[in-house]
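Student: Handing you this structure, nothing more for now.
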2 protein chains.
Amino acid sequence: MISVVILGAGNVATHFFKGFEKAKDISVIQWYNRSLAAIKPYANAVEITDDISALKAADVYILAVSDDVIAEVSHQIPFDDKLVVHTSGSVSVYDLDKKHKRGVLYPLQSLSKNSDVDFANVPICIETIDKKSYPVLKHLARSLGSPTKRINSDQRRVLHLAAVFVNNFTNQLYRIGHEITEHEGAEFDLLKPLILETAKKVQEMSPYKAQTGPAKRNDKKTIKKHLKLLENEQHKAIYKLLTESIIQTHGRKKL
Amino acid sequence: MISVVILGAGNVATHFFKGFEKAKDISVIQWYNRSLAAIKPYANAVEITDDISALKAADVYILAVSDDVIAEVSHQIPFDDKLVVHTSGSVSVYDLDKKHKRGVLYPLQSLSKNSDVDFANVPICIETIDKKSYPVLKHLARSLGSPTKRINSDQRRVLHLAAVFVNNFTNQLYRIGHEITEHEGAEFDLLKPLILETAKKVQEMSPYKAQTGPAKRNDKKTIKKHLKLLENEQHKAIYKLLTESIIQTHGRKKL
Ligand SMILES: NC(=O)c1ccc[n+]([C@@H]2O[C@H](COP(=O)([O-])OP(=O)(O)OC[C@H]3O[C@@H](n4cnc5c(N)ncnc54)[C@H](OP(=O)(O)O)[C@@H]3O)[C@@H](O)[C@H]2O)c1
Ligand SMILES: NC(=O)c1ccc[n+]([C@@H]2O[C@H](COP(=O)([O-])OP(=O)(O)OC[C@H]3O[C@@H](n4cnc5c(N)ncnc54)[C@H](OP(=O)(O)O)[C@@H]3O)[C@@H](O)[C@H]2O)c1
């Protein structure tokens, strides 16, 4: 049995709590948040507190708080030499107070308090400074049902960066698709199956192999038509840059 | 019963043929391709030909050939006043020879000969010049099992353009995610559930609402770290431009 204290009550903290509740050999013995409001609904299931100095002794402290306050909150934990982990993709493990055994449990997924999560689709990247902490964190992640992967800081940083490309930037391309279709009275809904298919395709095939379209073919006639059709200067610039990127990836034939 | 002649033997032609074969009230009476090799395997199921002057009389001729040759091949069809449609997102309906009744059946999906297709996930956009042709084309598309939508030329052009953003450009962002992770010895596979989740999210929610991440929060510290991490100048330029686009979409707070 691993005893856990959760700190924070946002998207990650809430899903971790719910996930551990279902796990057999994990016990969340306390849940801290600076304000009680968010954790009050769980008061029957777990001891809650807004007093960080009142934290109990536990095997692991999971700091699922905003990136900016990880250092500060970790400092306030009133123990030494406990295993303390944060859940961020971009914060250094060394930002945690050095009085602790330090680690990271980075869930590589977009989590939102208001939507259900299947942890089978949430790979958890594990980083630890000392070797002994690794099996404990792996056990925690596995008990949620997550695939796990041991990584180092450089890899975590780059995964977080890549996540921005495939999640935030991709979503912005959807947004642009939305804007340009609705502008012409066409339905964005018609694009939804294509959006899904595009994501499904790279589950099996490399994005390199999956590429198609005018940029890949270097079809200058269509590219020119499209640039003429785009009214928004920023959309034009994005079209040009991503077309150029595809041409570069797939060889500069016919240029 | 609607009789159909298919011209071309590529991705679209092949899936259309297979789809119509399963439909009750559609009869593909002939399949033309300039070279017989690709259609030979179907010689038992349908009459095949590589002689366009030998085409039979049918209700509809579907030209699923490369964009560049649509005009030329439509001209060679040895009939007048027949319903002739192409399947392209970007070619004008007026590129079809004007001796025909003209229309478009544009499947808004990425189709590949080598992968199965469920037409329920292939919206077919229908355009016709004369009104009477519309119900015939709608019947054809419905018999495949596709959702259909009547659109005009401007809408088709813009849907094709939007498809480039949500399919080709999105796929290139996946490719960049692949490059930057593998460069650091991290696994692209870890990003696959996030890729799928990002696409699933906008099936229910607008891309505007679905946005998260450092650009949306205008989190300058993380943005700066990411730009420093990116070594490839083109990746940097894409990062900057899409970050700027997200900031513009979500309001210029804190700038
Ligand atoms: N959401 C995701 O998809 C995701 C994915 C991977 C990693 N992460 C990482 O996980 C961590 C948490 O993210 P999240 O999305 O769960 O954040 P969130 O929903 O915004 O929640 C942030 C939590 O931090 C607490 N907090 C903020 N400032 C604080 C302070 N000064 N002192 C004490 N607590 C403070 C908040 O308390 P209040 O409730 O009182 O406001 C809240 O409980 C971050 O490091 C994030 O980078 C998030
Ligand atoms: N694939 C998709 O995802 C998709 C989606 C929506 C719309 N479309 C549109 O559908 C149409 C067909 O696309 P596709 O992907 O099926 O193309 P494809 O697989 O490349 O097949 C093109 C076909 O055109 C034939 N062709 C090429 N040049 C010709 C010529 N000079 N004379 C006669 N036939 C010629 C080819 O004959 P050979 O077999 O002899 O080479 C081949 O059968 C295009 O207008 C495309 O824009 C495609």
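Going through the structure tokens in order, the chains are called A, B, and so on, while each chain numbers its residues from 1 and the ligands are numbered from 1 in the order shown.
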With DSSP run on the backbone, what are the strand (DSSP E or B) residues within stretch 48-242 of chain A? I'd like them as a list in words.
Tutor: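 Written out, the strand (DSSP E or B) residues of stretch 48-242 of chain A are Ile48, Thr49, Val60, Tyr61, Ile62, Leu63, Leu83, Val84, Val85, His86, Lys101, Arg102, Gly103, Val104, Leu105, Tyr106, Pro107, Ile124, Cys125, Ile126, Glu127, Thr128, Thr148, Lys149 and Arg150 of chain A.
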Student: Could you list, as a PyMOL selection string, every residue within 10 Å of A:Thr243, counting only C-alpha atoms and ignoring same-chain residues fewer than 3 positions away?
Tutor: (chain A and resi 213-216+218+223+237-240+246-249) or (chain B and resi 164-165+168-169+172)
Student: Let's have the selection written as a PDB file, in the first residue's frame, with N, CA, C and O atoms.
Tutor:
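File produced: again.pdb:
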ATOM      1  N   GLY A 213      -1.624  15.646 -50.497  1.00  0.00           N
ATOM      2  CA  GLY A 213      -2.068  17.019 -50.743  1.00  0.00           C
ATOM      3  C   GLY A 213      -1.167  17.840 -51.637  1.00  0.00           C
ATOM      4  O   GLY A 213      -0.110  17.390 -52.064  1.00  0.00           O
ATOM      5  N   PRO A 214      -1.609  19.061 -51.924  1.00  0.00           N
ATOM      6  CA  PRO A 214      -0.914  19.913 -52.891  1.00  0.00           C
ATOM      7  C   PRO A 214       0.539  20.241 -52.516  1.00  0.00           C
ATOM      8  O   PRO A 214       1.404  20.272 -53.408  1.00  0.00           O
ATOM      9  N   ALA A 215       0.831  20.456 -51.241  1.00  0.00           N
ATOM     10  CA  ALA A 215       2.209  20.790 -50.872  1.00  0.00           C
ATOM     11  C   ALA A 215       3.123  19.596 -51.114  1.00  0.00           C
ATOM     12  O   ALA A 215       4.199  19.714 -51.702  1.00  0.00           O
ATOM     13  N   LYS A 216       2.686  18.432 -50.703  1.00  0.00           N
ATOM     14  CA  LYS A 216       3.469  17.206 -50.908  1.00  0.00           C
ATOM     15  C   LYS A 216       3.737  16.983 -52.396  1.00  0.00           C
ATOM     16  O   LYS A 216       4.835  16.593 -52.794  1.00  0.00           O
ATOM     17  N   ASN A 218       3.798  19.292 -54.502  1.00  0.00           N
ATOM     18  CA  ASN A 218       4.304  20.570 -55.004  1.00  0.00           C
ATOM     19  C   ASN A 218       3.460  21.036 -56.190  1.00  0.00           C
ATOM     20  O   ASN A 218       3.986  21.428 -57.241  1.00  0.00           O
ATOM     21  N   ILE A 223      -1.733  25.527 -55.040  1.00  0.00           N
ATOM     22  CA  ILE A 223      -1.171  26.373 -53.975  1.00  0.00           C
ATOM     23  C   ILE A 223      -1.460  27.849 -54.267  1.00  0.00           C
ATOM     24  O   ILE A 223      -1.875  28.605 -53.386  1.00  0.00           O
ATOM     25  N   ALA A 237       0.159  33.567 -44.334  1.00  0.00           N
ATOM     26  CA  ALA A 237       1.529  33.322 -43.861  1.00  0.00           C
ATOM     27  C   ALA A 237       1.659  31.894 -43.325  1.00  0.00           C
ATOM     28  O   ALA A 237       2.665  31.207 -43.579  1.00  0.00           O
ATOM     29  N   ILE A 238       0.646  31.424 -42.625  1.00  0.00           N
ATOM     30  CA  ILE A 238       0.665  30.052 -42.100  1.00  0.00           C
ATOM     31  C   ILE A 238       0.612  29.061 -43.256  1.00  0.00           C
ATOM     32  O   ILE A 238       1.351  28.070 -43.266  1.00  0.00           O
ATOM     33  N   TYR A 239      -0.225  29.333 -44.230  1.00  0.00           N
ATOM     34  CA  TYR A 239      -0.309  28.464 -45.410  1.00  0.00           C
ATOM     35  C   TYR A 239       1.057  28.354 -46.085  1.00  0.00           C
ATOM     36  O   TYR A 239       1.540  27.261 -46.404  1.00  0.00           O
ATOM     37  N   LYS A 240       1.692  29.502 -46.294  1.00  0.00           N
ATOM     38  CA  LYS A 240       3.000  29.511 -46.979  1.00  0.00           C
ATOM     39  C   LYS A 240       4.054  28.749 -46.195  1.00  0.00           C
ATOM     40  O   LYS A 240       4.795  27.931 -46.735  1.00  0.00           O
ATOM     41  N   ILE A 246       6.423  21.334 -45.627  1.00  0.00           N
ATOM     42  CA  ILE A 246       6.112  20.030 -46.241  1.00  0.00           C
ATOM     43  C   ILE A 246       7.019  19.783 -47.443  1.00  0.00           C
ATOM     44  O   ILE A 246       7.559  18.683 -47.620  1.00  0.00           O
ATOM     45  N   ILE A 247       7.211  20.818 -48.251  1.00  0.00           N
ATOM     46  CA  ILE A 247       8.081  20.671 -49.425  1.00  0.00           C
ATOM     47  C   ILE A 247       9.504  20.317 -48.975  1.00  0.00           C
ATOM     48  O   ILE A 247      10.164  19.460 -49.566  1.00  0.00           O
ATOM     49  N   GLN A 248       9.944  20.952 -47.907  1.00  0.00           N
ATOM     50  CA  GLN A 248      11.281  20.661 -47.399  1.00  0.00           C
ATOM     51  C   GLN A 248      11.384  19.216 -46.890  1.00  0.00           C
ATOM     52  O   GLN A 248      12.366  18.526 -47.145  1.00  0.00           O
ATOM     53  N   THR A 249      10.347  18.781 -46.193  1.00  0.00           N
ATOM     54  CA  THR A 249      10.343  17.414 -45.667  1.00  0.00           C
ATOM     55  C   THR A 249      10.355  16.382 -46.785  1.00  0.00           C
ATOM     56  O   THR A 249      11.025  15.359 -46.687  1.00  0.00           O
TER      57      THR A 249
ATOM     58  N   VAL B 164      -6.964  21.275 -46.419  1.00  0.00           N
ATOM     59  CA  VAL B 164      -5.499  21.347 -46.435  1.00  0.00           C
ATOM     60  C   VAL B 164      -4.990  21.736 -45.038  1.00  0.00           C
ATOM     61  O   VAL B 164      -4.025  21.165 -44.534  1.00  0.00           O
ATOM     62  N   PHE B 165      -5.655  22.677 -44.405  1.00  0.00           N
ATOM     63  CA  PHE B 165      -5.246  23.077 -43.050  1.00  0.00           C
ATOM     64  C   PHE B 165      -5.419  21.931 -42.050  1.00  0.00           C
ATOM     65  O   PHE B 165      -4.489  21.598 -41.324  1.00  0.00           O
ATOM     66  N   ASN B 168      -3.508  18.169 -44.230  1.00  0.00           N
ATOM     67  CA  ASN B 168      -2.089  18.202 -44.625  1.00  0.00           C
ATOM     68  C   ASN B 168      -1.228  18.982 -43.627  1.00  0.00           C
ATOM     69  O   ASN B 168      -0.148  18.528 -43.242  1.00  0.00           O
ATOM     70  N   PHE B 169      -1.695  20.162 -43.222  1.00  0.00           N
ATOM     71  CA  PHE B 169      -0.880  20.973 -42.309  1.00  0.00           C
ATOM     72  C   PHE B 169      -0.822  20.352 -40.915  1.00  0.00           C
ATOM     73  O   PHE B 169       0.227  20.330 -40.269  1.00  0.00           O
ATOM     74  N   GLN B 172       1.600  17.697 -40.933  1.00  0.00           N
ATOM     75  CA  GLN B 172       2.970  18.212 -40.891  1.00  0.00           C
ATOM     76  C   GLN B 172       3.362  18.599 -39.455  1.00  0.00           C
ATOM     77  O   GLN B 172       4.510  18.432 -39.053  1.00  0.00           O
TER      78      GLN B 172
END
Student: Which protein, DNA or RNA residues have an atom within 7 Å of ligand 1, counting only C-alpha atoms and all ligand atoms, as a ChimeraX atom specification?
Tutor: /A:8-13,33-35,38,64-67,69,73,86-90,106-112
Student: Pull C-alpha atoms from the residues just selected and write them as a PDB file, in the first residue's frame.
Tutor:
ATOM      1  CA  GLY A   8      -3.815  21.186  -5.703  1.00  0.00           C
ATOM      2  CA  ALA A   9      -7.377  20.723  -6.883  1.00  0.00           C
ATOM      3  CA  GLY A  10      -7.269  21.488 -10.579  1.00  0.00           C
ATOM      4  CA  ASN A  11      -7.585  19.277 -13.664  1.00  0.00           C
ATOM      5  CA  VAL A  12      -4.694  16.969 -12.916  1.00  0.00           C
ATOM      6  CA  ALA A  13      -5.194  16.732  -9.155  1.00  0.00           C
ATOM      7  CA  ASN A  33      -5.695  22.894  -1.590  1.00  0.00           C
ATOM      8  CA  ARG A  34      -5.114  26.547  -0.699  1.00  0.00           C
ATOM      9  CA  SER A  35      -8.878  27.051  -0.891  1.00  0.00           C
ATOM     10  CA  ALA A  38     -12.830  22.826  -4.812  1.00  0.00           C
ATOM     11  CA  ALA A  64      -0.473  19.171  -9.121  1.00  0.00           C
ATOM     12  CA  VAL A  65      -0.378  22.939  -8.867  1.00  0.00           C
ATOM     13  CA  SER A  66       0.312  25.684 -11.396  1.00  0.00           C
ATOM     14  CA  ASP A  67       3.831  25.624 -12.835  1.00  0.00           C
ATOM     15  CA  VAL A  69       4.099  27.902  -7.694  1.00  0.00           C
ATOM     16  CA  VAL A  73       4.587  25.031  -2.478  1.00  0.00           C
ATOM     17  CA  HIS A  86       5.269  17.600  -9.596  1.00  0.00           C
ATOM     18  CA  THR A  87       3.191  16.895 -12.712  1.00  0.00           C
ATOM     19  CA  SER A  88       4.459  19.522 -15.128  1.00  0.00           C
ATOM     20  CA  GLY A  89       5.931  19.023 -18.589  1.00  0.00           C
ATOM     21  CA  SER A  90       8.063  22.112 -18.527  1.00  0.00           C
ATOM     22  CA  TYR A 106       4.025  14.040 -16.198  1.00  0.00           C
ATOM     23  CA  PRO A 107       0.713  12.967 -17.761  1.00  0.00           C
ATOM     24  CA  LEU A 108       1.108  13.446 -21.515  1.00  0.00           C
ATOM     25  CA  GLN A 109      -2.512  14.252 -22.250  1.00  0.00           C
ATOM     26  CA  SER A 110      -4.878  17.167 -22.198  1.00  0.00           C
ATOM     27  CA  LEU A 111      -6.875  16.771 -18.995  1.00  0.00           C
ATOM     28  CA  SER A 112      -9.898  18.763 -18.045  1.00  0.00           C
TER      29      SER A 112
END
Student: Skipping near chain neighbours, those fewer than 4 positions away, what residues fall within 12 Å of A:Glu197 using only C-alpha atoms, listed as a PyMOL selection string?
Tutor: (chain A and resi 191-193+201-204+210) or (chain B and resi 108-112+115-118+121-122+163+166-168+170-171+195-196+199-200+203)
Student: Extract, using only C-alpha atoms, all DNA, RNA and protein residues at most 10 Å from B:Val84, discarding same-chain residues fewer than 6 positions from it, and format them as a short mmCIF file (atom, residue, chain, number, x, y, z; two decimals) with all heavy atoms, in the first residue's frame.
Tutor:
data_model
loop_
_atom_site.label_atom_id
_atom_site.label_comp_id
_atom_site.auth_asym_id
_atom_site.auth_seq_id
_atom_site.Cartn_x
_atom_site.Cartn_y
_atom_site.Cartn_z
N VAL B 4 -24.21 3.59 -63.90
CA VAL B 4 -23.03 4.44 -63.72
C VAL B 4 -21.87 3.90 -64.53
O VAL B 4 -21.67 2.68 -64.62
CB VAL B 4 -22.64 4.46 -62.21
CG1 VAL B 4 -21.31 5.16 -62.00
CG2 VAL B 4 -23.73 5.10 -61.36
N VAL B 5 -21.09 4.82 -65.12
CA VAL B 5 -19.79 4.46 -65.68
C VAL B 5 -18.73 5.20 -64.87
O VAL B 5 -18.85 6.41 -64.63
CB VAL B 5 -19.68 4.85 -67.17
CG1 VAL B 5 -18.24 4.72 -67.67
CG2 VAL B 5 -20.61 3.98 -68.02
N ALA B 58 -25.03 5.63 -70.16
CA ALA B 58 -25.35 5.42 -68.74
C ALA B 58 -26.01 6.68 -68.21
O ALA B 58 -26.02 7.73 -68.87
CB ALA B 58 -24.08 5.11 -67.97
N ASP B 59 -26.57 6.56 -67.00
CA ASP B 59 -27.20 7.75 -66.39
C ASP B 59 -26.16 8.74 -65.91
O ASP B 59 -26.33 9.95 -66.04
CB ASP B 59 -28.08 7.32 -65.21
CG ASP B 59 -29.24 6.43 -65.64
OD1 ASP B 59 -29.80 6.69 -66.73
OD2 ASP B 59 -29.59 5.48 -64.91
N VAL B 60 -25.07 8.23 -65.32
CA VAL B 60 -24.06 9.11 -64.75
C VAL B 60 -22.66 8.62 -65.09
O VAL B 60 -22.40 7.41 -65.04
CB VAL B 60 -24.18 9.20 -63.21
CG1 VAL B 60 -23.27 10.30 -62.66
CG2 VAL B 60 -25.60 9.43 -62.75
N TYR B 61 -21.78 9.55 -65.42
CA TYR B 61 -20.36 9.26 -65.65
C TYR B 61 -19.58 9.93 -64.52
O TYR B 61 -19.69 11.15 -64.34
CB TYR B 61 -19.91 9.80 -67.01
CG TYR B 61 -20.63 9.10 -68.14
CD1 TYR B 61 -21.95 9.44 -68.47
CD2 TYR B 61 -20.01 8.08 -68.86
CE1 TYR B 61 -22.63 8.78 -69.47
CE2 TYR B 61 -20.69 7.40 -69.87
CZ TYR B 61 -21.99 7.75 -70.17
OH TYR B 61 -22.66 7.07 -71.15
N ILE B 62 -18.83 9.13 -63.79
CA ILE B 62 -18.05 9.69 -62.68
C ILE B 62 -16.58 9.71 -63.06
O ILE B 62 -15.96 8.66 -63.25
CB ILE B 62 -18.25 8.87 -61.39
CG1 ILE B 62 -19.74 8.87 -60.99
CG2 ILE B 62 -17.39 9.45 -60.26
CD1 ILE B 62 -20.05 8.07 -59.74
N LEU B 63 -16.07 10.92 -63.18
CA LEU B 63 -14.67 11.11 -63.57
C LEU B 63 -13.79 11.25 -62.34
O LEU B 63 -13.59 12.36 -61.84
CB LEU B 63 -14.56 12.43 -64.34
CG LEU B 63 -14.36 12.35 -65.84
CD1 LEU B 63 -15.71 12.45 -66.50
CD2 LEU B 63 -13.46 13.47 -66.28
N SER B 74 -13.22 14.63 -69.93
CA SER B 74 -14.67 14.88 -70.06
C SER B 74 -15.01 15.19 -71.52
O SER B 74 -16.08 14.81 -72.00
CB SER B 74 -15.11 16.04 -69.15
OG SER B 74 -14.87 17.28 -69.75
N ILE B 77 -15.53 11.99 -73.69
CA ILE B 77 -16.69 11.11 -73.48
C ILE B 77 -17.62 11.24 -74.69
O ILE B 77 -18.08 12.34 -75.01
CB ILE B 77 -17.43 11.46 -72.17
CG1 ILE B 77 -16.52 11.17 -70.97
CG2 ILE B 77 -18.74 10.68 -72.04
CD1 ILE B 77 -17.09 11.58 -69.63
N VAL B 93 -16.56 23.28 -61.69
CA VAL B 93 -17.53 22.42 -62.38
C VAL B 93 -17.57 22.79 -63.87
O VAL B 93 -17.88 21.96 -64.73
CB VAL B 93 -18.92 22.52 -61.71
CG1 VAL B 93 -19.51 23.91 -61.85
CG2 VAL B 93 -19.88 21.46 -62.23
N LEU B 96 -15.57 20.93 -66.77
CA LEU B 96 -16.15 19.80 -67.51
C LEU B 96 -16.68 20.32 -68.85
O LEU B 96 -17.19 21.44 -68.93
CB LEU B 96 -17.29 19.17 -66.70
CG LEU B 96 -16.87 18.47 -65.40
CD1 LEU B 96 -18.09 18.19 -64.51
CD2 LEU B 96 -16.14 17.16 -65.70
N ASP B 97 -16.56 19.49 -69.88
CA ASP B 97 -17.01 19.92 -71.21
C ASP B 97 -18.48 20.33 -71.17
O ASP B 97 -19.32 19.61 -70.62
CB ASP B 97 -16.80 18.76 -72.21
CG ASP B 97 -16.92 19.25 -73.63
OD1 ASP B 97 -17.99 19.79 -74.02
OD2 ASP B 97 -15.92 19.11 -74.37
N LYS B 98 -18.78 21.46 -71.80
CA LYS B 98 -20.12 22.01 -71.64
C LYS B 98 -21.19 21.28 -72.45
O LYS B 98 -22.38 21.58 -72.34
CB LYS B 98 -20.16 23.51 -71.93
CG LYS B 98 -19.87 23.95 -73.33
CD LYS B 98 -20.09 25.47 -73.44
CE LYS B 98 -19.89 25.94 -74.87
NZ LYS B 98 -18.50 25.73 -75.35
N LYS B 99 -20.76 20.29 -73.24
CA LYS B 99 -21.77 19.46 -73.93
C LYS B 99 -22.54 18.56 -72.94
O LYS B 99 -23.59 18.02 -73.27
CB LYS B 99 -21.09 18.59 -75.00
CG LYS B 99 -20.16 17.50 -74.46
CD LYS B 99 -19.49 16.69 -75.57
CE LYS B 99 -18.54 15.64 -74.99
NZ LYS B 99 -17.87 14.83 -76.02
N HIS B 100 -22.00 18.43 -71.70
CA HIS B 100 -22.64 17.55 -70.71
C HIS B 100 -23.53 18.34 -69.75
O HIS B 100 -23.38 19.54 -69.58
CB HIS B 100 -21.58 16.85 -69.86
CG HIS B 100 -20.57 16.08 -70.64
ND1 HIS B 100 -20.88 15.03 -71.46
CD2 HIS B 100 -19.21 16.20 -70.71
CE1 HIS B 100 -19.78 14.53 -72.00
NE2 HIS B 100 -18.75 15.24 -71.57
N LYS B 101 -24.39 17.59 -69.04
CA LYS B 101 -24.96 18.10 -67.78
C LYS B 101 -23.87 17.88 -66.74
O LYS B 101 -23.35 16.78 -66.60
CB LYS B 101 -26.22 17.33 -67.40
CG LYS B 101 -27.43 17.76 -68.20
CD LYS B 101 -28.67 17.01 -67.73
CE LYS B 101 -28.86 15.79 -68.61
NZ LYS B 101 -29.93 14.89 -68.23
N ARG B 102 -23.52 18.93 -66.01
CA ARG B 102 -22.29 18.86 -65.21
C ARG B 102 -22.54 18.93 -63.70
O ARG B 102 -23.47 19.61 -63.25
CB ARG B 102 -21.36 20.00 -65.64
CG ARG B 102 -20.90 19.84 -67.07
CD ARG B 102 -20.20 21.06 -67.59
NE ARG B 102 -21.14 22.15 -67.89
CZ ARG B 102 -20.77 23.34 -68.31
NH1 ARG B 102 -19.48 23.63 -68.43
NH2 ARG B 102 -21.66 24.28 -68.58
N GLY B 103 -21.69 18.26 -62.98
CA GLY B 103 -21.82 18.28 -61.53
C GLY B 103 -20.54 17.81 -60.85
O GLY B 103 -19.56 17.46 -61.52
N VAL B 104 -20.58 17.84 -59.52
CA VAL B 104 -19.42 17.41 -58.73
C VAL B 104 -19.90 16.54 -57.57
O VAL B 104 -20.93 16.83 -56.95
CB VAL B 104 -18.65 18.63 -58.15
CG1 VAL B 104 -17.44 18.17 -57.35
CG2 VAL B 104 -18.23 19.59 -59.26
N THR B 128 -24.27 20.90 -58.51
CA THR B 128 -24.78 20.67 -59.87
C THR B 128 -25.08 22.02 -60.50
O THR B 128 -25.31 23.01 -59.79
CB THR B 128 -26.10 19.85 -59.87
OG1 THR B 128 -27.09 20.56 -59.10
CG2 THR B 128 -25.91 18.47 -59.30
N SER B 133 -30.32 17.46 -61.80
CA SER B 133 -29.26 16.49 -61.56
C SER B 133 -29.03 16.24 -60.07
O SER B 133 -28.51 15.19 -59.69
CB SER B 133 -27.94 16.98 -62.18
OG SER B 133 -28.11 17.26 -63.54
#
Student: Pick out the residues sitting within 10 Å of A:Lys225, and hand them over as a PDB file with N, CA, C and O atoms, in the first residue's frame; count only C-alpha atoms, and ignore anything fewer than 3 positions along from it in its own chain.
Tutor:
ATOM      1  N   LYS A 220       1.802  23.568 -57.779  1.00  0.00           N
ATOM      2  CA  LYS A 220       1.856  25.035 -57.683  1.00  0.00           C
ATOM      3  C   LYS A 220       0.555  25.712 -58.073  1.00  0.00           C
ATOM      4  O   LYS A 220       0.236  26.784 -57.553  1.00  0.00           O
ATOM      5  N   LYS A 221      -0.174  25.096 -58.985  1.00  0.00           N
ATOM      6  CA  LYS A 221      -1.433  25.699 -59.441  1.00  0.00           C
ATOM      7  C   LYS A 221      -2.421  25.785 -58.281  1.00  0.00           C
ATOM      8  O   LYS A 221      -3.014  26.833 -58.031  1.00  0.00           O
ATOM      9  N   THR A 222      -2.582  24.675 -57.561  1.00  0.00           N
ATOM     10  CA  THR A 222      -3.519  24.658 -56.429  1.00  0.00           C
ATOM     11  C   THR A 222      -3.031  25.562 -55.297  1.00  0.00           C
ATOM     12  O   THR A 222      -3.811  26.294 -54.687  1.00  0.00           O
ATOM     13  N   LYS A 228      -4.620  32.792 -53.118  1.00  0.00           N
ATOM     14  CA  LYS A 228      -5.499  33.865 -53.610  1.00  0.00           C
ATOM     15  C   LYS A 228      -6.806  33.889 -52.830  1.00  0.00           C
ATOM     16  O   LYS A 228      -7.379  34.945 -52.569  1.00  0.00           O
ATOM     17  N   LEU A 229      -7.271  32.699 -52.458  1.00  0.00           N
ATOM     18  CA  LEU A 229      -8.541  32.551 -51.751  1.00  0.00           C
ATOM     19  C   LEU A 229      -8.461  33.070 -50.310  1.00  0.00           C
ATOM     20  O   LEU A 229      -9.456  33.528 -49.741  1.00  0.00           O
ATOM     21  N   LEU A 230      -7.284  32.979 -49.717  1.00  0.00           N
ATOM     22  CA  LEU A 230      -7.127  33.381 -48.312  1.00  0.00           C
ATOM     23  C   LEU A 230      -7.088  34.897 -48.200  1.00  0.00           C
ATOM     24  O   LEU A 230      -6.267  35.553 -48.849  1.00  0.00           O
TER      25      LEU A 230
ATOM     26  N   SER B  90     -11.037  21.040 -55.911  1.00  0.00           N
ATOM     27  CA  SER B  90     -10.507  22.341 -56.334  1.00  0.00           C
ATOM     28  C   SER B  90     -10.768  22.692 -57.801  1.00  0.00           C
ATOM     29  O   SER B  90     -10.539  23.815 -58.213  1.00  0.00           O
ATOM     30  N   ARG B 157     -14.612  25.177 -52.847  1.00  0.00           N
ATOM     31  CA  ARG B 157     -13.228  25.665 -52.875  1.00  0.00           C
ATOM     32  C   ARG B 157     -12.693  25.881 -51.459  1.00  0.00           C
ATOM     33  O   ARG B 157     -11.570  25.533 -51.135  1.00  0.00           O
ATOM     34  N   LEU B 161      -9.749  24.035 -49.287  1.00  0.00           N
ATOM     35  CA  LEU B 161      -8.687  24.808 -48.645  1.00  0.00           C
ATOM     36  C   LEU B 161      -8.623  24.485 -47.148  1.00  0.00           C
ATOM     37  O   LEU B 161      -7.539  24.253 -46.583  1.00  0.00           O
TER      38      LEU B 161
END
Student: Could you pull the residues within 9 Å of A:Pro78, counting only C-alpha atoms, minus those fewer than 5 positions along the same chain, as a PyMOL selection string?
Tutor: chain A and resi 52-56
Student: Of the candidates B:Asn232, B:Gln30, B:Gln155, B:Asn114, which one gets nearest to chain A if we count only C-alpha atoms?
Tutor: B:Gln155
Student: One number please: atom CA of B:Leu194 to atom CA of B:Asp219, in Å, one decimal.
Tutor: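 Rounded to one decimal, the two atoms are 20.9 Å apart.
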Student: What residues in stretch 92-209 of chain A get the DSSP label alpha helix (DSSP H)? Please answer as a ChimeraX atom specification.
Tutor: /A:133-144,153-163,170-183,192-204,207-209
Student: Show me, as JSON, numbers by chain, the residues that have an atom within 12 Å of A:His139 when counting only C-alpha atoms, minus same-chain residues fewer than 3 positions from it.
Tutor: {"A": [1, 2, 3, 20, 23, 24, 25, 26, 60, 105, 124, 126, 133, 134, 135, 136, 142, 143, 144, 145, 146, 147, 148, 149]}
